[in-house]
file my_file-v2.pdb (PDB, C-alpha atoms and all ligand atoms)
MODEL        1
ATOM      1  CA  MET N   1     102.212 115.305  34.630
ATOM      2  CA  LEU N   2     104.451 113.495  37.085
ATOM      3  CA  VAL N   3     105.944 110.266  35.826
ATOM      4  CA  ASN N   4     108.075 107.781  37.695
ATOM      5  CA  PRO N   5     110.758 106.858  35.182
ATOM      6  CA  VAL N   6     111.900 103.239  35.340
ATOM      7  CA  ARG N   7     115.649 103.066  35.814
ATOM      8  CA  TYR N   8     117.536  99.852  35.500
ATOM      9  CA  GLY N   9     119.856  99.140  38.368
ATOM     10  CA  ASN N  10     117.912 101.200  40.882
ATOM     11  CA  LEU N  11     117.905  98.220  43.236
ATOM     12  CA  ALA N  12     121.342  98.752  44.721
ATOM     13  CA  LEU N  13     122.733 100.145  47.947
ATOM     14  CA  LEU N  14     125.093 103.011  47.219
ATOM     15  CA  PRO N  15     128.080 104.074  49.360
ATOM     16  CA  GLY N  16     126.857 106.505  52.024
ATOM     17  CA  GLU N  17     123.212 105.608  51.434
ATOM     18  CA  HIS N  18     120.913 104.828  54.354
ATOM     19  CA  ALA N  19     120.263 101.064  54.450
ATOM     20  CA  LEU N  20     116.506 101.482  54.023
ATOM     21  CA  GLY N  21     116.891 103.604  50.882
ATOM     22  CA  PRO N  22     116.563 100.739  48.374
ATOM     23  CA  LEU N  23     113.190  99.778  49.896
ATOM     24  CA  GLY N  24     111.714 103.222  49.287
ATOM     25  CA  ARG N  25     113.176 103.305  45.796
ATOM     26  CA  GLN N  26     111.877  99.841  44.999
ATOM     27  CA  HIS N  27     108.404 100.970  46.040
ATOM     28  CA  PHE N  28     108.702 104.165  43.993
ATOM     29  CA  TYR N  29     109.649 102.338  40.816
ATOM     30  CA  SER N  30     107.704  99.097  41.242
ATOM     31  CA  GLY N  31     104.260 100.429  40.401
ATOM     32  CA  TYR N  32     102.671  98.498  43.260
ATOM     33  CA  ARG N  33     100.378 100.561  45.451
ATOM     34  CA  ARG N  34     101.076  98.518  48.532
ATOM     35  CA  PHE N  35     104.491  98.943  50.053
ATOM     36  CA  SER N  36     104.551  95.397  51.446
ATOM     37  CA  LYS N  37     103.997  94.000  47.944
ATOM     38  CA  SER N  38     106.691  96.080  46.261
ATOM     39  CA  VAL N  39     109.387  95.070  48.762
ATOM     40  CA  ALA N  40     108.189  91.494  49.357
ATOM     41  CA  ASP N  41     111.352  90.052  47.790
ATOM     42  CA  LEU N  42     113.546  92.098  50.105
ATOM     43  CA  THR N  43     111.957  91.987  53.556
ATOM     44  CA  VAL N  44     108.737  91.471  55.497
ATOM     45  CA  ASP N  45     109.805  93.937  58.215
ATOM     46  CA  ILE N  46     107.935  96.966  56.926
ATOM     47  CA  ASP N  47     106.649  98.855  59.974
ATOM     48  CA  SER N  48     107.419 102.551  60.503
ATOM     49  CA  PHE N  49     110.533 103.279  58.529
ATOM     50  CA  SER N  50     112.469 105.886  60.448
ATOM     51  CA  PRO N  51     116.142 106.581  59.711
ATOM     52  CA  ALA N  52     116.886 106.451  63.456
ATOM     53  CA  ALA N  53     116.409 102.703  64.086
ATOM     54  CA  LEU N  54     119.669 101.086  65.200
ATOM     55  CA  SER N  55     118.656  97.518  64.658
ATOM     56  CA  ARG N  56     115.754  95.761  62.928
ATOM     57  CA  VAL N  57     115.077  92.677  60.851
ATOM     58  CA  ALA N  58     114.992  94.726  57.619
ATOM     59  CA  TYR N  59     118.651  95.688  58.139
ATOM     60  CA  SER N  60     119.815  92.098  58.255
ATOM     61  CA  ASP N  61     117.601  91.227  55.247
ATOM     62  CA  LEU N  62     119.192  94.103  53.323
ATOM     63  CA  TYR N  63     122.660  93.029  54.477
ATOM     64  CA  LYS N  64     122.022  89.584  52.978
ATOM     65  CA  LYS N  65     120.996  91.237  49.728
ATOM     66  CA  PHE N  66     123.491  94.107  49.474
ATOM     67  CA  GLY N  67     126.316  93.413  51.956
ATOM     68  CA  ARG N  68     129.647  92.838  50.217
ATOM     69  CA  SER N  69     131.108  89.360  50.708
ATOM     70  CA  GLU N  70     134.026  90.589  52.829
ATOM     71  CA  GLN N  71     131.819  92.938  54.865
ATOM     72  CA  SER N  72     130.693  91.974  58.397
ATOM     73  CA  TYR N  73     127.163  92.800  59.514
ATOM     74  CA  SER N  74     128.556  95.270  62.008
ATOM     75  CA  SER N  75     130.531  97.181  59.356
ATOM     76  CA  PHE N  76     127.459  97.132  57.097
ATOM     77  CA  LEU N  77     125.462  98.780  59.907
ATOM     78  CA  SER N  78     128.284 101.281  60.534
ATOM     79  CA  GLY N  79     128.292 102.307  56.876
ATOM     80  CA  HIS N  80     124.541 102.458  56.273
ATOM     81  CA  THR N  81     122.791 103.285  59.564
ATOM     82  CA  LEU N  82     123.269 105.849  62.348
ATOM     83  CA  LEU N  83     124.741 103.170  64.634
ATOM     84  CA  ASN N  84     128.184 104.822  64.957
ATOM     85  CA  TYR N  85     126.558 108.067  66.024
ATOM     86  CA  TYR N  86     124.457 106.477  68.762
ATOM     87  CA  ARG N  87     126.617 103.579  69.933
ATOM     88  CA  PRO N  88     129.066 105.401  72.302
ATOM     89  CA  PHE N  89     126.089 106.795  74.261
ATOM     90  CA  ALA N  90     124.245 103.502  74.654
ATOM     91  CA  PRO N  91     124.216 102.058  78.173
ATOM     92  CA  GLY N  92     125.874  98.664  77.934
ATOM     93  CA  SER N  93     126.763  96.889  74.742
ATOM     94  CA  LEU N  94     124.405  96.972  71.774
ATOM     95  CA  SER N  95     126.048  93.924  70.205
ATOM     96  CA  PRO N  96     123.670  91.256  71.646
ATOM     97  CA  LEU N  97     120.670  93.280  70.422
ATOM     98  CA  LEU N  98     122.192  93.698  66.967
ATOM     99  CA  GLU N  99     122.919  89.984  66.731
ATOM    100  CA  ARG N 100     119.311  89.160  67.624
ATOM    101  CA  ASN N 101     117.992  91.733  65.137
ATOM    102  CA  ALA N 102     115.941  93.187  67.965
ATOM    103  CA  TYR N 103     114.074  96.351  67.039
ATOM    104  CA  VAL N 104     116.111  99.126  68.689
ATOM    105  CA  MET N 105     115.129 102.773  68.511
ATOM    106  CA  PRO N 106     117.077 105.392  70.483
ATOM    107  CA  LEU N 107     115.074 106.676  73.418
ATOM    108  CA  LEU N 108     113.190 110.001  73.258
ATOM    109  CA  PRO N 109     113.955 110.978  69.667
ATOM    110  CA  ARG N 110     110.927 113.290  69.730
ATOM    111  CA  ASN N 111     112.666 115.688  72.110
ATOM    112  CA  VAL N 112     115.278 116.352  69.479
ATOM    113  CA  ILE N 113     114.343 118.104  66.255
ATOM    114  CA  HIS N 114     114.619 116.254  62.951
ATOM    115  CA  SER N 115     115.599 112.995  64.599
ATOM    116  CA  ILE N 116     113.044 110.729  62.932
ATOM    117  CA  THR N 117     112.469 112.493  59.609
ATOM    118  CA  TRP N 118     114.016 111.849  56.207
ATOM    119  CA  ARG N 119     116.011 114.725  54.693
ATOM    120  CA  SER N 120     117.863 115.358  51.433
ATOM    121  CA  CYS N 121     120.093 117.975  49.814
ATOM    122  CA  PRO N 122     118.952 119.247  46.388
ATOM    123  CA  VAL N 123     122.549 119.522  45.114
ATOM    124  CA  CYS N 124     123.414 115.968  46.258
ATOM    125  CA  VAL N 125     120.207 114.802  44.551
ATOM    126  CA  GLU N 126     121.239 116.450  41.269
ATOM    127  CA  LEU N 127     124.689 114.854  41.438
ATOM    128  CA  ALA N 128     123.251 111.440  42.297
ATOM    129  CA  VAL N 129     120.809 111.593  39.386
ATOM    130  CA  SER N 130     123.567 112.426  36.904
ATOM    131  CA  GLU N 131     125.876 109.754  38.322
ATOM    132  CA  HIS N 132     123.477 106.905  39.161
ATOM    133  CA  GLY N 133     120.236 107.796  37.413
ATOM    134  CA  PHE N 134     118.277 108.209  40.646
ATOM    135  CA  PRO N 135     118.499 110.172  43.893
ATOM    136  CA  TYR N 136     119.015 108.534  47.275
ATOM    137  CA  PHE N 137     118.889 109.368  50.980
ATOM    138  CA  ARG N 138     122.415 110.038  52.226
ATOM    139  CA  LEU N 139     123.181 108.806  55.724
ATOM    140  CA  GLU N 140     124.753 112.004  57.078
ATOM    141  CA  HIS N 141     121.643 114.019  56.207
ATOM    142  CA  GLN N 142     119.620 111.779  58.533
ATOM    143  CA  LEU N 143     121.706 112.729  61.592
ATOM    144  CA  PRO N 144     119.476 114.207  64.309
ATOM    145  CA  CYS N 145     119.309 118.031  64.029
ATOM    146  CA  ALA N 146     120.966 118.120  60.594
ATOM    147  CA  THR N 147     119.336 120.900  58.558
ATOM    148  CA  GLN N 148     122.170 121.704  56.112
ATOM    149  CA  CYS N 149     124.319 119.669  53.762
ATOM    150  CA  ALA N 150     127.865 119.831  55.155
ATOM    151  CA  LEU N 151     129.249 119.378  51.645
ATOM    152  CA  HIS N 152     127.208 122.028  49.817
ATOM    153  CA  GLN N 153     126.246 124.336  52.707
ATOM    154  CA  CYS N 154     122.662 124.411  51.482
ATOM    155  CA  ALA N 155     119.366 123.801  53.228
ATOM    156  CA  LEU N 156     118.163 120.224  53.464
ATOM    157  CA  THR N 157     114.621 119.617  52.301
ATOM    158  CA  SER N 158     112.221 117.556  54.343
ATOM    159  CA  GLY N 159     108.543 117.558  53.568
ATOM    160  CA  CYS N 160     106.240 119.145  51.028
ATOM    161  CA  LEU N 161     104.378 122.286  52.034
ATOM    162  CA  SER N 162     101.295 121.044  50.166
ATOM    163  CA  CYS N 163     100.789 117.313  50.587
ATOM    164  CA  CYS N 164     103.124 115.784  53.119
ATOM    165  CA  ARG N 165     104.370 118.255  55.693
ATOM    166  CA  ILE N 166     106.908 115.980  57.353
ATOM    167  CA  TRP N 167     108.809 113.198  55.665
ATOM    168  CA  SER N 168     108.607 110.638  58.413
ATOM    169  CA  SER N 169     107.514 107.589  56.500
ATOM    170  CA  LEU N 170     109.646 106.180  53.718
ATOM    171  CA  GLU N 171     106.583 104.308  52.435
ATOM    172  CA  ARG N 172     105.050 107.635  51.397
ATOM    173  CA  ILE N 173     108.137 109.411  50.080
ATOM    174  CA  GLY N 174     109.858 106.534  48.298
ATOM    175  CA  MET N 175     112.970 108.529  47.538
ATOM    176  CA  PRO N 176     114.076 112.176  47.505
ATOM    177  CA  PRO N 177     112.297 114.284  44.856
ATOM    178  CA  LEU N 178     114.115 114.431  41.539
ATOM    179  CA  GLY N 179     113.765 118.185  41.230
ATOM    180  CA  LYS N 180     113.061 121.137  43.479
ATOM    181  CA  LYS N 181     109.356 120.309  43.705
ATOM    182  CA  CYS N 182     107.464 117.531  45.449
ATOM    183  CA  SER N 183     107.411 114.429  43.245
ATOM    184  CA  LYS N 184     103.890 113.553  44.366
ATOM    185  CA  CYS N 185     102.007 116.849  43.950
ATOM    186  CA  GLY N 186     104.511 119.311  42.448
ATOM    187  CA  GLY N 187     104.285 121.510  45.568
ATOM    188  CA  GLU N 188     107.036 123.556  47.224
ATOM    189  CA  LEU N 189     109.458 121.616  49.427
ATOM    190  CA  ASP N 190     110.146 122.582  53.030
ATOM    191  CA  GLU N 191     113.703 123.959  53.252
ATOM    192  CA  LEU N 192     115.037 123.440  56.757
ATOM    193  CA  GLY N 193     118.345 125.278  56.777
ATOM    194  CA  THR N 194     116.900 128.658  55.813
ATOM    195  CA  LEU N 195     115.546 129.211  59.321
ATOM    196  CA  ALA N 196     118.383 127.486  61.130
ATOM    197  CA  TYR N 197     120.376 129.380  63.723
ATOM    198  CA  SER N 198     124.142 129.000  63.659
ATOM    199  CA  ASP N 199     127.074 129.931  65.880
ATOM    200  CA  SER N 200     130.348 128.229  66.818
ATOM    201  CA  ASP N 201     128.594 125.932  69.331
ATOM    202  CA  VAL N 202     125.959 124.870  66.792
ATOM    203  CA  ALA N 203     128.697 124.265  64.214
ATOM    204  CA  TRP N 204     130.638 122.203  66.766
ATOM    205  CA  VAL N 205     127.641 119.955  67.496
ATOM    206  CA  HIS N 206     127.103 119.340  63.768
ATOM    207  CA  GLN N 207     130.799 118.698  63.209
ATOM    208  CA  MET N 208     131.032 116.254  66.127
ATOM    209  CA  SER N 209     127.890 114.468  64.922
ATOM    210  CA  LEU N 210     129.560 113.889  61.557
ATOM    211  CA  ARG N 211     132.764 112.744  63.242
ATOM    212  CA  LEU N 212     130.850 110.313  65.443
ATOM    213  CA  LEU N 213     129.185 108.897  62.343
ATOM    214  CA  SER N 214     132.529 108.291  60.678
ATOM    215  CA  SER N 215     134.128 106.945  63.914
ATOM    216  CA  ASP N 216     136.636 109.771  63.852
ATOM    217  CA  LEU N 217     136.633 110.546  67.590
ATOM    218  CA  PRO N 218     138.527 109.108  70.560
ATOM    219  CA  LEU N 219     136.934 105.840  71.649
ATOM    220  CA  PHE N 220     134.736 106.179  74.700
ATOM    221  CA  THR N 221     131.802 104.411  76.291
ATOM    222  CA  HIS N 222     128.725 105.596  78.121
ATOM    223  CA  SER N 223     130.097 104.476  81.502
ATOM    224  CA  ARG N 224     133.457 106.209  80.988
ATOM    225  CA  LEU N 225     131.640 109.357  79.936
ATOM    226  CA  GLN N 226     129.494 109.248  83.088
ATOM    227  CA  LEU N 227     132.654 108.961  85.202
ATOM    228  CA  ALA N 228     134.075 112.031  83.437
ATOM    229  CA  TYR N 229     130.874 113.992  84.155
ATOM    230  CA  GLN N 230     130.998 112.938  87.813
ATOM    231  CA  LYS N 231     134.639 113.964  88.049
ATOM    232  CA  TRP N 232     133.853 117.386  86.573
ATOM    233  CA  LEU N 233     130.994 117.829  89.029
ATOM    234  CA  GLY N 234     133.147 116.607  91.899
ATOM    235  CA  VAL N 235     130.440 114.129  92.904
ATOM    236  CA  ASP N 236     131.114 110.396  93.103
ATOM    237  CA  SER N 237     128.589 107.967  91.694
ATOM    238  CA  LYS N 238     126.264 106.537  94.303
ATOM    239  CA  VAL N 239     123.837 104.799  91.976
ATOM    240  CA  GLY N 240     121.829 107.963  91.600
ATOM    241  CA  ILE N 241     121.388 108.773  95.293
ATOM    242  CA  LEU N 242     122.774 112.196  96.107
ATOM    243  CA  ASN N 243     122.924 114.086  99.401
ATOM    244  CA  LEU N 244     121.804 117.712  99.738
ATOM    245  CA  ARG N 245     125.206 119.216  98.977
ATOM    246  CA  GLU N 246     125.614 117.017  95.900
ATOM    247  CA  ARG N 247     122.117 117.872  94.711
ATOM    248  CA  ALA N 248     122.975 121.565  94.965
ATOM    249  CA  ILE N 249     126.091 120.988  92.827
ATOM    250  CA  VAL N 250     124.078 119.157  90.157
ATOM    251  CA  SER N 251     121.405 121.837  90.252
ATOM    252  CA  ASP N 252     124.051 124.553  89.684
ATOM    253  CA  ALA N 253     125.443 122.560  86.745
ATOM    254  CA  GLN N 254     121.917 122.223  85.341
ATOM    255  CA  PHE N 255     121.447 125.977  85.567
ATOM    256  CA  GLU N 256     124.761 126.461  83.779
ATOM    257  CA  LEU N 257     123.761 124.001  81.043
ATOM    258  CA  ASP N 258     120.423 125.761  80.529
ATOM    259  CA  ASN N 259     122.148 129.139  80.178
ATOM    260  CA  ARG N 260     125.527 128.273  78.692
ATOM    261  CA  PHE N 261     124.387 128.706  75.079
ATOM    262  CA  GLN N 262     122.446 131.266  73.058
ATOM    263  CA  ASP N 263     118.653 130.996  73.358
ATOM    264  CA  LEU N 264     118.311 130.089  69.704
ATOM    265  CA  LEU N 265     120.739 127.190  70.009
ATOM    266  CA  TYR N 266     118.362 125.299  72.293
ATOM    267  CA  ARG N 267     115.581 125.815  69.783
ATOM    268  CA  ALA N 268     117.854 124.660  66.967
ATOM    269  CA  PHE N 269     118.239 121.279  68.665
ATOM    270  CA  LEU N 270     115.431 120.672  71.129
ATOM    271  CA  ARG N 271     111.705 120.517  70.789
ATOM    272  CA  GLY N 272     109.093 122.088  73.047
ATOM    273  CA  ASP N 273     109.294 122.896  76.744
ATOM    274  CA  ASN N 274     110.386 126.455  76.027
ATOM    275  CA  SER N 275     107.600 128.005  78.077
ATOM    276  CA  PRO N 276     108.686 130.488  80.766
ATOM    277  CA  SER N 277     107.043 128.366  83.452
ATOM    278  CA  ILE N 278     109.619 125.646  82.934
ATOM    279  CA  LYS N 279     113.064 126.627  84.144
ATOM    280  CA  LYS N 280     114.868 123.944  82.186
ATOM    281  CA  ARG N 281     115.314 124.258  78.414
ATOM    282  CA  SER N 282     113.865 120.822  77.909
ATOM    283  CA  SER N 283     112.509 118.567  80.617
ATOM    284  CA  LYS N 284     114.744 115.851  79.204
ATOM    285  CA  LEU N 285     118.010 117.816  79.013
ATOM    286  CA  SER N 286     119.214 116.711  82.424
ATOM    287  CA  VAL N 287     122.721 116.774  83.899
ATOM    288  CA  PHE N 288     121.533 114.400  86.624
ATOM    289  CA  HIS N 289     120.349 111.715  84.185
ATOM    290  CA  ALA N 290     123.373 112.129  81.933
ATOM    291  CA  ALA N 291     125.776 111.708  84.845
ATOM    292  CA  PHE N 292     124.025 109.368  87.239
ATOM    293  CA  SER N 293     121.501 107.164  85.393
ATOM    294  CA  PRO N 294     123.506 104.178  84.138
ATOM    295  CA  ASP N 295     120.614 102.642  82.180
ATOM    296  CA  LEU N 296     119.238 105.646  80.291
ATOM    297  CA  PHE N 297     119.895 105.925  76.565
ATOM    298  CA  ILE N 298     119.905 109.716  76.302
ATOM    299  CA  PRO N 299     119.917 111.422  72.873
ATOM    300  CA  PRO N 300     123.536 112.072  71.790
ATOM    301  CA  VAL N 301     122.868 115.787  71.262
ATOM    302  CA  PHE N 302     122.186 116.125  75.019
ATOM    303  CA  HIS N 303     125.582 114.580  75.695
ATOM    304  CA  LEU N 304     127.204 116.817  73.084
ATOM    305  CA  LEU N 305     125.848 119.937  74.797
ATOM    306  CA  ILE N 306     127.046 118.703  78.188
ATOM    307  CA  ILE N 307     130.489 117.801  76.785
ATOM    308  CA  ARG N 308     130.732 121.250  75.167
ATOM    309  CA  MET N 309     129.840 122.918  78.456
ATOM    310  CA  MET N 310     132.090 120.810  80.703
ATOM    311  CA  PHE N 311     135.126 120.111  78.548
ATOM    312  CA  GLY N 312     134.914 122.357  75.474
ATOM    313  CA  ASP N 313     135.911 119.525  73.155
ATOM    314  CA  PHE N 314     136.109 115.740  72.898
ATOM    315  CA  GLU N 315     139.878 115.716  73.167
ATOM    316  CA  SER N 316     139.648 117.307  76.637
ATOM    317  CA  ILE N 317     137.354 114.684  78.170
ATOM    318  CA  PRO N 318     139.334 112.925  80.926
ATOM    319  CA  ILE N 319     138.693 109.356  79.760
TER     320      ILE N 319
HETATM  321 ZN    ZN V 401     124.705 118.206  49.351
HETATM  322 ZN    ZN V 402     103.569 117.322  47.738
ENDMDL
END
call {"tool": "encode", "arguments": {"input": "my_file-v2.pdb", "output": "C-alpha cells"}}
result
Amino acid sequence: MLVNPVRYGNLALLPGEHALGPLGRQHFYSGYRRFSKSVADLTVDIDSFSPAALSRVAYSDLYKKFGRSEQSYSSFLSGHTLLNYYRPFAPGSLSPLLERNAYVMPLLPRNVIHSITWRSCPVCVELAVSEHGFPYFRLEHQLPCATQCALHQCALTSGCLSCCRIWSSLERIGMPPLGKKCSKCGGELDELGTLAYSDSDVAWVHQMSLRLLSSDLPLFTHSRLQLAYQKWLGVDSKVGILNLRERAIVSDAQFELDNRFQDLLYRAFLRGDNSPSIKKRSSKLSVFHAAFSPDLFIPPVFHLLIIRMMFGDFESIPI
C-alpha cells in the first residue's frame, strides 16, 4: 500500500530547490484531490506547471511567502528558477516582464529534449529525505537536456513506465518519488541517463549549462553574442537581409554546424527532424536566426552548439 506520510515543515523552499516545488509538495501532503484547493493559500496561478517558465504570478506569490527578507525578487528568481540559464540569450531585457509578473516561457522548448519535464536524481532524493524528511526537485536537474546528476553521475528519473510516461505536470507528480518506484502506482521509473550519449562536446554543453545557471561565465548579452557570430562569419548585420555571397557564407556555416558533432550528439539534445529528407539536424537549429534575428529567443542549447563550433569555449568569444 502506498501512503503519503505527513511531514511537518514540508512547506518550505530549500536551497537549490525549484521555486514551484513547495506547491507540488503541498498538494502531495494536503490530502485535497484538487490542486487549486491544496495550494489556495499560496497562489491562484496554477496553470501548466513547467520548470521552464521564466516569469509567472506564482513565482512572485512564492517569493512573498518564502523569499528571505534581505533577498530581492531578482535574486530569488536566480536561485530558484532557470532564469540565469536563459537570460543571456533573451533578446532585450527581461526585467520589465519580470517586474510585471508576465507569463514568460522560452520559445520553442519542444525542439529541445527534456526542456519542459520534471526530473530527479535517486541519490539526491535519498539524501534529501534523510536530511529534510522529504524529497524535492533540484533546480539543476531541470536544465534543458539534463539526463544525469552532475553530483552523483547517475541517471535522472523522469516519468513512470506504467502510469505517467512523462513528468510534465507538477500537479500529477507532486514531488519526486521517495524510493526507486513510482509513488502513485509502484511501477518502474524511466531512467534517462542510461541511454544518453556522451562525448567531450556533450560534456561541455552540460558543464556550460550548469555554469550559466550559477552565473559563473563572462557576462554577455544576446546582441553582443550576435555581433560575435557576425564577426566570425565575416558578414555585417543588415537587419537580416543578406546578399547572395553572404547567404552562401551562412549556408556553409549551417552545413558545418549540422556536421560538426557526432550524429548521436544531435539526438542527445534535439527532438525530431532527423529524417534523411531534411538536410538540417533540426529545422530550428539555424545559424541565420542565431546571428541575424534580433528578436528571436532561441533555445540556449542552440547557442551553445554554435559557440562550441565557432569559438570552442566561452572565454574565446570576442565580446
Ligand atoms: Zn544526485
Ligand atoms: Zn506510476
call {"tool": "closest_residue", "arguments": {"input": "my_file-v2.pdb", "among": "N:Leu264, N:Val129, N:Leu97, N:Ala155", "to": "ligand ZN 401 (chain V)", "atoms": "all atoms listed in the file"}}
result
N:Ala155
call {"tool": "closest_residue", "arguments": {"input": "my_file-v2.pdb", "among": "N:Tyr85, N:Phe297, N:Phe314, N:Tyr29", "to": "Leu212 of chain N", "atoms": "all atoms listed in the file"}}
result
N:Tyr85
call {"tool": "residues_near_ligand", "arguments": {"input": "my_file-v2.pdb", "ligand": "ligand ZN 401 (chain V)", "cutoff": "7 Å", "atoms": "only C-alpha atoms and all ligand atoms", "output": "CSV table (one decimal) with C-alpha atoms, in the coordinates of the input"}}
result
chain,number,residue,atom,x,y,z
N,121,CYS,CA,120.1,118.0,49.8
N,122,PRO,CA,119.0,119.2,46.4
N,123,VAL,CA,122.5,119.5,45.1
N,124,CYS,CA,123.4,116.0,46.3
N,149,CYS,CA,124.3,119.7,53.8
N,150,ALA,CA,127.9,119.8,55.2
N,151,LEU,CA,129.2,119.4,51.6
N,152,HIS,CA,127.2,122.0,49.8
N,154,CYS,CA,122.7,124.4,51.5
call {"tool": "closest_atom_pairs", "arguments": {"input": "my_file-v2.pdb", "of": "chain N", "to": "ligand ZN 402 (chain V)", "cutoff": "10 Å", "atoms": "only C-alpha atoms and all ligand atoms", "output": "JSON lines"}}
result
{"residue": "N:Gly159", "atom": "CA", "partner": "V:ZN402", "partner_atom": "ZN", "distance": 7.7}
{"residue": "N:Cys160", "atom": "CA", "partner": "V:ZN402", "partner_atom": "ZN", "distance": 4.6}
{"residue": "N:Leu161", "atom": "CA", "partner": "V:ZN402", "partner_atom": "ZN", "distance": 6.6}
{"residue": "N:Ser162", "atom": "CA", "partner": "V:ZN402", "partner_atom": "ZN", "distance": 5.0}
{"residue": "N:Cys163", "atom": "CA", "partner": "V:ZN402", "partner_atom": "ZN", "distance": 4.0}
{"residue": "N:Cys164", "atom": "CA", "partner": "V:ZN402", "partner_atom": "ZN", "distance": 5.6}
{"residue": "N:Arg165", "atom": "CA", "partner": "V:ZN402", "partner_atom": "ZN", "distance": 8.0}
{"residue": "N:Ile173", "atom": "CA", "partner": "V:ZN402", "partner_atom": "ZN", "distance": 9.4}
{"residue": "N:Pro177", "atom": "CA", "partner": "V:ZN402", "partner_atom": "ZN", "distance": 9.7}
{"residue": "N:Lys181", "atom": "CA", "partner": "V:ZN402", "partner_atom": "ZN", "distance": 7.7}
{"residue": "N:Cys182", "atom": "CA", "partner": "V:ZN402", "partner_atom": "ZN", "distance": 4.5}
{"residue": "N:Ser183", "atom": "CA", "partner": "V:ZN402", "partner_atom": "ZN", "distance": 6.6}
{"residue": "N:Lys184", "atom": "CA", "partner": "V:ZN402", "partner_atom": "ZN", "distance": 5.1}
{"residue": "N:Cys185", "atom": "CA", "partner": "V:ZN402", "partner_atom": "ZN", "distance": 4.1}
{"residue": "N:Gly186", "atom": "CA", "partner": "V:ZN402", "partner_atom": "ZN", "distance": 5.7}
{"residue": "N:Gly187", "atom": "CA", "partner": "V:ZN402", "partner_atom": "ZN", "distance": 4.8}
{"residue": "N:Glu188", "atom": "CA", "partner": "V:ZN402", "partner_atom": "ZN", "distance": 7.2}
{"residue": "N:Leu189", "atom": "CA", "partner": "V:ZN402", "partner_atom": "ZN", "distance": 7.5}
{"residue": "N:Asp190", "atom": "CA", "partner": "V:ZN402", "partner_atom": "ZN", "distance": 9.9}
call {"tool": "write_last_selection", "arguments": {"input": "my_file-v2.pdb", "atoms": "C-alpha atoms", "output": "mmCIF file, keeping the file's coordinate frame"}}
result
data_model
loop_
_atom_site.group_PDB
_atom_site.id
_atom_site.type_symbol
_atom_site.label_atom_id
_atom_site.label_comp_id
_atom_site.auth_asym_id
_atom_site.auth_seq_id
_atom_site.Cartn_x
_atom_site.Cartn_y
_atom_site.Cartn_z
ATOM 1 C CA GLY N 159 108.543 117.558 53.568
ATOM 2 C CA CYS N 160 106.240 119.145 51.028
ATOM 3 C CA LEU N 161 104.378 122.286 52.034
ATOM 4 C CA SER N 162 101.295 121.044 50.166
ATOM 5 C CA CYS N 163 100.789 117.313 50.587
ATOM 6 C CA CYS N 164 103.124 115.784 53.119
ATOM 7 C CA ARG N 165 104.370 118.255 55.693
ATOM 8 C CA ILE N 173 108.137 109.411 50.080
ATOM 9 C CA PRO N 177 112.297 114.284 44.856
ATOM 10 C CA LYS N 181 109.356 120.309 43.705
ATOM 11 C CA CYS N 182 107.464 117.531 45.449
ATOM 12 C CA SER N 183 107.411 114.429 43.245
ATOM 13 C CA LYS N 184 103.890 113.553 44.366
ATOM 14 C CA CYS N 185 102.007 116.849 43.950
ATOM 15 C CA GLY N 186 104.511 119.311 42.448
ATOM 16 C CA GLY N 187 104.285 121.510 45.568
ATOM 17 C CA GLU N 188 107.036 123.556 47.224
ATOM 18 C CA LEU N 189 109.458 121.616 49.427
ATOM 19 C CA ASP N 190 110.146 122.582 53.030
#
call {"tool": "atom_distance", "arguments": {"input": "my_file-v2.pdb", "atom1": "atom CA of Asn243 of chain N", "atom2": "atom CA of Arg224 of chain N"}}
result
22.6 Å
call {"tool": "atom_distance", "arguments": {"input": "my_file-v2.pdb", "atom1": "atom CA of His222 of chain N", "atom2": "atom CA of Met105 of chain N"}}
result
16.9 Å
call {"tool": "resolve_selection", "arguments": {"input": "my_file-v2.pdb", "expression": "the PyMOL selection byres (((chain N and resi 100) around 10) and not hetatm)", "output": "PDB file with C-alpha atoms, in the frame of the given file"}}
result
ATOM      1  CA  SER N  55     118.656  97.518  64.658  1.00  0.00           C
ATOM      2  CA  ARG N  56     115.754  95.761  62.928  1.00  0.00           C
ATOM      3  CA  VAL N  57     115.077  92.677  60.851  1.00  0.00           C
ATOM      4  CA  SER N  60     119.815  92.098  58.255  1.00  0.00           C
ATOM      5  CA  SER N  95     126.048  93.924  70.205  1.00  0.00           C
ATOM      6  CA  PRO N  96     123.670  91.256  71.646  1.00  0.00           C
ATOM      7  CA  LEU N  97     120.670  93.280  70.422  1.00  0.00           C
ATOM      8  CA  LEU N  98     122.192  93.698  66.967  1.00  0.00           C
ATOM      9  CA  GLU N  99     122.919  89.984  66.731  1.00  0.00           C
ATOM     10  CA  ASN N 101     117.992  91.733  65.137  1.00  0.00           C
ATOM     11  CA  ALA N 102     115.941  93.187  67.965  1.00  0.00           C
ATOM     12  CA  TYR N 103     114.074  96.351  67.039  1.00  0.00           C
TER      13      TYR N 103
END
call {"tool": "resolve_selection", "arguments": {"input": "my_file-v2.pdb", "expression": "the PyMOL selection byres (((chain N and resi 231) around 12) and not hetatm)", "output": "list of chain:residue names"}}
result
N:Arg224, N:Leu225, N:Gln226, N:Leu227, N:Ala228, N:Tyr229, N:Gln230, N:Trp232, N:Leu233, N:Gly234, N:Val235, N:Asp236, N:Ser237, N:Val250, N:Ala291, N:Phe292, N:Met310, N:Phe311, N:Ile317, N:Pro318, N:Ile319
call {"tool": "atom_distance", "arguments": {"input": "my_file-v2.pdb", "atom1": "atom CA of Val44 of chain N", "atom2": "atom CA of Asp61 of chain N"}}
result
8.9 Å
call {"tool": "resolve_selection", "arguments": {"input": "my_file-v2.pdb", "expression": "the PyMOL selection byres (((chain N and resi 199-210) around 9) and not hetatm)", "output": "list in words"}}
result
Tyr85, Glu140, Leu143, Pro144, Cys145, Ala146, Ala150, Tyr197, Ser198, Arg211, Leu212, Leu213, Ser214, Ser215, Asp216, Leu217, Phe261, Gln262, Leu265, Ala268, Phe269, Pro300, Val301, Leu304, Leu305, Arg308, Asp313 and Phe314 of chain N
call {"tool": "residues_near_point", "arguments": {"input": "my_file-v2.pdb", "point": "(127.2, 92.7, 57.3)", "cutoff": "12 Å", "atoms": "all atoms listed in the file", "output": "MDAnalysis selection string"}}
result
chainID N and resid 19 59:81 98:99
call {"tool": "residues_around", "arguments": {"input": "my_file-v2.pdb", "residues": "Ala58 of chain N", "least_positions_apart": "6", "cutoff": "8 Å", "atoms": "only C-alpha atoms", "output": "JSON, numbers by chain"}}
result
{"N": [20, 43, 44, 45, 46]}
